[in-house]
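Okay, entry11.cif is below, mmCIF, C-alpha atoms:
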```
data_entry
loop_
_atom_site.label_atom_id
_atom_site.label_comp_id
_atom_site.auth_asym_id
_atom_site.auth_seq_id
_atom_site.Cartn_x
_atom_site.Cartn_y
_atom_site.Cartn_z
CA MET K 149 -27.20 137.51 42.40
CA SER K 150 -26.25 134.05 41.11
CA GLN K 151 -27.60 132.90 37.78
CA PRO K 152 -29.79 129.77 37.40
CA SER K 153 -28.20 126.38 36.85
CA LYS K 154 -27.40 125.16 33.34
CA GLN K 155 -30.00 122.40 33.76
CA ASP K 156 -32.73 124.91 34.58
CA ILE K 157 -31.68 127.17 31.69
CA THR K 158 -31.96 124.38 29.12
CA ALA K 159 -35.22 122.97 30.54
CA GLY K 160 -37.46 125.78 29.33
CA GLN K 161 -36.46 125.58 25.68
CA GLN K 162 -36.36 121.82 25.17
CA ILE K 163 -40.01 121.61 24.17
CA TYR K 164 -39.28 123.48 20.94
CA ARG K 165 -38.68 120.46 18.76
CA PRO K 166 -39.44 120.56 15.02
CA TRP K 167 -42.93 119.08 15.46
CA ALA K 168 -43.77 121.57 18.23
CA LEU K 169 -42.69 124.53 16.11
CA LYS K 170 -45.16 123.47 13.41
CA LEU K 171 -47.95 123.87 15.98
CA TYR K 172 -46.56 126.94 17.76
CA ASN K 173 -48.38 129.60 15.76
CA ILE K 174 -51.74 127.91 16.33
CA ILE K 175 -51.33 126.92 19.98
CA VAL K 176 -49.39 129.92 21.29
CA LEU K 177 -49.97 132.84 18.93
CA TRP K 178 -53.65 132.16 18.24
CA PHE K 179 -55.24 130.06 21.01
CA SER K 180 -53.18 131.03 24.07
CA ASN K 181 -52.78 134.68 23.14
CA ASN K 182 -56.51 135.11 22.54
CA TRP K 183 -58.06 132.91 25.20
CA ALA K 184 -55.49 132.62 28.00
CA TRP K 185 -53.24 135.69 27.97
CA ARG K 186 -55.75 138.04 26.25
CA CYS K 187 -53.12 139.88 24.24
CA SER K 188 -53.55 139.00 20.59
CA ARG K 189 -50.77 138.41 18.11
CA HIS K 190 -52.07 141.45 16.22
CA ARG K 191 -51.46 143.64 19.29
CA GLN K 192 -47.98 142.21 19.71
CA LEU K 193 -47.24 142.71 16.01
CA GLN K 194 -48.17 146.39 16.49
CA HIS K 195 -45.60 146.50 19.31
CA TYR K 196 -42.98 145.10 16.95
CA GLN K 197 -43.94 147.50 14.19
CA LYS K 198 -43.64 150.52 16.46
CA ASN K 199 -40.19 149.65 17.82
CA ILE K 200 -38.24 147.60 15.29
CA SER K 201 -35.27 149.05 13.41
CA SER K 202 -33.27 148.04 10.34
CA ASN K 203 -30.44 146.92 12.64
CA HIS K 204 -32.18 144.37 14.84
CA LEU K 205 -31.35 141.48 17.17
CA ASP K 206 -34.19 139.14 18.10
CA VAL K 207 -33.72 136.90 21.15
CA GLY K 208 -35.90 133.89 21.97
CA ILE K 209 -37.30 133.83 18.48
CA GLY K 210 -39.90 131.03 18.52
CA THR K 211 -40.93 130.57 14.90
CA GLY K 212 -40.00 134.07 13.76
CA TYR K 213 -43.67 134.90 13.12
CA TYR K 214 -43.48 138.58 14.05
CA LEU K 215 -40.29 139.17 12.08
CA ASP K 216 -41.97 137.53 9.10
CA HIS K 217 -44.98 139.86 9.29
CA VAL K 218 -43.43 143.16 10.38
CA ASN K 219 -42.54 145.88 7.87
CA PHE K 220 -38.90 146.80 8.42
CA PRO K 221 -37.91 150.43 7.78
CA THR K 222 -35.75 149.22 4.86
CA ASN K 223 -35.97 146.34 2.41
CA SER K 224 -32.58 144.98 3.48
CA PRO K 225 -32.45 145.04 7.28
CA LYS K 226 -29.47 143.81 9.23
CA LEU K 227 -31.08 140.97 11.18
CA THR K 228 -29.58 138.65 13.79
CA LEU K 229 -31.46 135.76 15.41
CA MET K 230 -30.37 134.50 18.83
CA ASP K 231 -31.64 131.45 20.67
CA LEU K 232 -30.33 128.54 22.71
CA ASN K 233 -32.46 126.09 20.74
CA PRO K 234 -31.02 125.16 17.31
CA ASN K 235 -34.46 124.06 16.07
CA CYS K 236 -35.84 127.58 16.54
CA LEU K 237 -32.82 129.07 14.83
CA TYR K 238 -33.08 126.78 11.80
CA TYR K 239 -36.85 127.19 11.48
CA SER K 240 -36.69 130.98 11.67
CA GLN K 241 -33.64 131.24 9.44
CA GLN K 242 -35.50 129.38 6.70
CA LEU K 243 -38.65 131.44 7.15
CA LEU K 244 -36.72 134.70 7.02
CA SER K 245 -34.21 133.68 4.35
CA ARG K 246 -35.12 136.73 2.23
CA TYR K 247 -33.26 138.83 4.82
CA SER K 248 -30.21 136.54 5.02
CA PRO K 249 -30.24 136.69 8.83
CA LYS K 250 -27.25 135.82 10.96
CA ILE K 251 -27.89 133.16 13.58
CA TYR K 252 -26.35 133.03 17.01
CA LYS K 253 -26.80 130.02 19.30
CA HIS K 254 -26.20 131.36 22.77
CA ASP K 255 -27.33 131.29 26.39
CA VAL K 256 -28.59 134.79 27.21
CA PHE K 257 -27.37 134.41 30.80
CA GLN K 258 -23.80 134.40 29.46
CA PRO K 259 -21.99 137.54 28.27
CA LEU K 260 -22.27 138.09 24.53
CA ASN K 261 -18.53 138.57 24.11
CA ASP K 262 -18.31 136.92 20.69
CA LEU K 263 -21.18 138.96 19.26
CA ASN K 264 -19.29 142.01 18.06
CA ASP K 265 -22.21 143.97 16.61
CA GLN K 266 -24.41 146.47 18.40
CA TYR K 267 -28.06 146.98 17.54
CA ASP K 268 -30.53 149.82 17.26
CA SER K 269 -33.29 147.50 18.48
CA ILE K 270 -33.40 144.24 20.42
CA GLY K 271 -36.60 142.20 20.68
CA VAL K 272 -37.29 139.84 23.59
CA ASN K 273 -40.84 138.77 22.88
CA TYR K 274 -42.14 136.06 25.26
CA LEU K 275 -38.62 135.40 26.51
CA LEU K 276 -38.58 136.41 30.18
CA HIS K 277 -41.37 134.11 31.38
CA CYS K 278 -39.49 131.15 29.88
CA LEU K 279 -36.23 131.97 31.66
CA PRO K 280 -35.59 130.26 35.02
CA GLY K 281 -35.32 132.13 38.29
CA ASN K 282 -36.97 135.26 39.60
CA LEU K 283 -36.85 138.62 37.86
CA ASP K 284 -33.75 139.66 39.81
CA GLN K 285 -31.97 136.66 38.27
CA LYS K 286 -33.44 137.35 34.84
CA LYS K 287 -31.94 140.81 35.17
CA ILE K 288 -28.58 139.15 34.37
CA ALA K 289 -29.86 138.28 30.90
CA LEU K 290 -31.23 141.77 30.28
CA ALA K 291 -27.96 143.32 31.44
CA ASN K 292 -26.06 141.25 28.87
CA LEU K 293 -28.40 142.46 26.13
CA ALA K 294 -28.25 146.09 27.28
CA LYS K 295 -24.55 146.12 26.43
CA LYS K 296 -25.39 145.33 22.81
CA LEU K 297 -27.57 148.38 22.24
CA THR K 298 -26.27 151.34 20.30
CA PRO K 299 -26.57 154.78 21.91
CA ASN K 300 -30.30 155.56 22.02
CA GLY K 301 -31.02 151.95 21.01
CA ILE K 302 -34.24 150.38 22.27
CA LEU K 303 -35.02 147.03 23.86
CA PHE K 304 -38.63 145.94 23.56
CA GLY K 305 -40.67 142.85 24.17
CA SER K 306 -43.43 141.21 26.14
CA THR K 307 -43.77 138.73 28.96
CA ILE K 308 -46.60 136.82 30.59
CA LEU K 309 -47.04 137.91 34.18
CA GLY K 310 -47.39 135.50 37.09
CA ASP K 311 -49.91 134.94 39.86
CA SER K 312 -50.32 138.67 40.54
CA ALA K 313 -51.94 139.17 37.13
CA LYS K 314 -55.68 138.86 36.60
CA HIS K 315 -55.62 135.47 34.93
CA ASN K 316 -58.78 133.80 33.72
CA PHE K 317 -59.45 130.07 34.18
CA VAL K 318 -57.56 129.08 31.02
CA GLY K 319 -54.57 131.21 31.96
CA LYS K 320 -54.39 129.81 35.49
CA TYR K 321 -54.52 126.27 34.14
CA LEU K 322 -51.80 126.85 31.54
CA ILE K 323 -49.46 128.65 33.94
CA SER K 324 -49.78 125.80 36.45
CA LEU K 325 -49.19 123.21 33.71
CA TYR K 326 -46.22 124.99 32.14
CA ASP K 327 -44.70 125.67 35.56
CA ARG K 328 -44.78 121.95 36.42
CA LYS K 329 -43.15 121.10 33.09
CA LYS K 330 -40.57 123.91 33.54
CA ILE K 331 -41.63 125.55 30.30
CA PHE K 332 -42.52 128.69 32.26
CA CYS K 333 -40.91 130.10 35.36
CA ASN K 334 -42.99 133.19 36.06
CA ARG K 335 -45.29 132.54 39.03
CA GLN K 336 -43.59 135.33 41.00
CA ASP K 337 -43.11 137.73 38.07
CA SER K 338 -45.04 140.95 38.70
CA VAL K 339 -45.33 144.16 36.71
CA GLU K 340 -43.82 146.08 39.63
CA ASP K 341 -40.69 143.91 39.66
CA LEU K 342 -40.44 144.11 35.88
CA LYS K 343 -40.49 147.90 36.00
CA LYS K 344 -37.90 147.84 38.78
CA ILE K 345 -35.29 145.83 36.90
CA LEU K 346 -35.88 147.68 33.64
CA ASN K 347 -35.38 151.02 35.35
CA GLN K 348 -32.11 149.77 36.83
CA LEU K 349 -30.72 148.88 33.39
CA PHE K 350 -32.34 151.32 30.98
CA ARG K 351 -33.97 154.74 30.70
CA GLU K 352 -37.33 155.93 29.39
CA VAL K 353 -38.98 152.69 30.45
CA HIS K 354 -42.59 152.15 29.43
CA VAL K 355 -44.69 149.15 30.46
CA GLU K 356 -48.27 148.51 29.35
CA VAL K 357 -50.32 145.58 30.64
CA VAL K 358 -52.72 144.02 28.14
CA GLY K 359 -54.64 141.11 29.61
CA ALA K 360 -52.01 139.09 31.49
CA VAL K 361 -49.14 140.31 29.29
CA ALA K 362 -46.72 143.16 29.96
CA LEU K 363 -45.57 144.95 26.80
CA PHE K 364 -42.45 146.99 27.47
CA THR K 365 -39.92 149.30 25.87
CA ALA K 366 -36.70 150.66 27.33
CA LYS K 367 -33.90 152.80 25.89
CA SER K 368 -30.17 152.33 26.24
CA LEU K 369 -28.49 154.23 29.05
CA GLN K 370 -25.96 155.37 26.43
CA THR K 371 -26.99 158.52 24.59
CA GLN K 372 -25.63 159.94 21.39
CA SER K 373 -24.45 163.52 21.83
CA PRO K 374 -25.80 166.11 19.39
CA GLN K 375 -22.43 166.61 17.73
CA ASP K 376 -22.02 162.87 17.02
CA PRO K 377 -22.91 161.77 13.47
CA SER K 378 -26.35 160.20 13.27
#
```

As structure tokens:
Amino acid sequence: MSQPSKQDITAGQQIYRPWALKLYNIIVLWFSNNWAWRCSRHRQLQHYQKNISSNHLDVGIGTGYYLDHVNFPTNSPKLTLMDLNPNCLYYSQQLLSRYSPKIYKHDVFQPLNDLNDQYDSIGVNYLLHCLPGNLDQKKIALANLAKKLTPNGILFGSTILGDSAKHNFVGKYLISLYDRKKIFCNRQDSVEDLKKILNQLFREVHVEVVGAVALFTAKSLQTQSPQDPS
């Protein structure tokens, strides 16, 4: 399966300019989540809280809202922020400065060869529906991330489903608008296809649909043997 073109990859993240990030929490996390996608930021924060570790990589970070509000298992987590958009990286780095996060500007469709660390948790919240291509193509990005999980590490996140979901009027309007502007590329994304690609790359996959959003968790195929140090 060939990956999307570089032009298509950059198109979806170009809207995140400094002025847009100042409005992101209101437009996306409050209005859209409540009235279009019907999966509140509080529900998604619960998903973060349940799955995050003290050794965490967050990919497609937006404003860093959830990382700012989650309670990490320790006061000094090892936190890495990854995004293709430098504005998102700078904004989130400043917001989360108390954790001294590392930042990593990178295209998730490319192998993460220069990221030497592995992580106990990787978050991909609202990333997949912004990536170009169908879910088979987006599988390339997830496969790259899977290689950065520690044994028994967990990848978790959420994505807005496409036309197969039960969208209300507001959701249908926004998906059509964002699709035309290439902010979203998810019209064909279904929960069945999401489960399929996750099961090909991970184990113990769990997907829950809330409104028009799929919340998912998946464990690394690598397992730590009982005699290994924990």

Result set, the PyMOL selection byres ((chain K and resi 324-326) around 12) on current file, as an MDAnalysis selection string = chainID K and resid 159:161 163 277:278 308 310:311 315 317:323 327:335

Name the residues that the PyMOL selection byres ((chain K and resi 255) around 9) picks from the file above, as a list in words, using the file's chain letters and numbers.
-> Ile157, Thr158, Met230, Asp231, Leu232, Lys253, His254, Val256, Phe257, Gln258, Pro259, Leu260 and Ala289 of chain K

Please identify all polymer residues lying at most 12 Å from the point (-54.0, 144.6, 28.6) (file coordinates), using all atoms listed in the file, and present the result as a list of chain:residue names.
-> K:Asn181, K:Asn182, K:Trp185, K:Arg186, K:Cys187, K:Ser188, K:Arg191, K:Gln192, K:Ser306, K:Thr307, K:Ile308, K:Leu309, K:Ala313, K:Lys314, K:His315, K:Val339, K:Val355, K:Glu356, K:Val357, K:Val358, K:Gly359, K:Ala360, K:Val361, K:Ala362, K:Leu363, K:Phe364

Please provide as number ranges by chain all residues within 6 Å of Ser269 (chain K), with the sequence filter that same-chain residues fewer than 5 positions apart are discarded (counting all atoms listed in the file).
-> K: 200-201, 204, 301-303

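Counting all atoms listed in the file, the residue from K:Asn316, K:Gln242, K:Lys226, K:Leu349 that sits nearest to Asp284 (chain K) is K:Leu349.
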
Could you jot down the CA of Leu342 (chain K) to CA of Asn235 (chain K) separation for me, Å, one decimal place?
-> 28.8 Å

Just the residues within 10 Å of Lys287 (chain K), please, counting only C-alpha atoms, with nothing from its chain fewer than 2 positions along; format it as a PyMOL selection string.
-> chain K and resi 149+151+257+276+281-285+289-293+342+344-346+348-349

Quick one: pull the distance between CA of Ile209 (chain K) and CA of Asn347 (chain K), Å, one decimal.
->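 Going from CA of Ile209 (chain K) over to CA of Asn347 (chain K) covers 24.2 Å.
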
CA of Gln194 (chain K) to CA of Asn264 (chain K), distance in Å rounded to a single decimal |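 Going from CA of Gln194 (chain K) over to CA of Asn264 (chain K) covers 29.3 Å.
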
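Among the candidate residues K:Gln336, K:Ile175, K:Leu243, K:Tyr214, the one lying nearest to His195 (chain K) is K:Tyr214, with distances computed using all atoms listed in the file.
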
Taking the point (-40.2, 123.4, 14.0) as given in the file, collect each protein or nucleic acid residue that comes within 10 Å of it, counting only C-alpha atoms, and present the set as a count of residues only.
-> 18
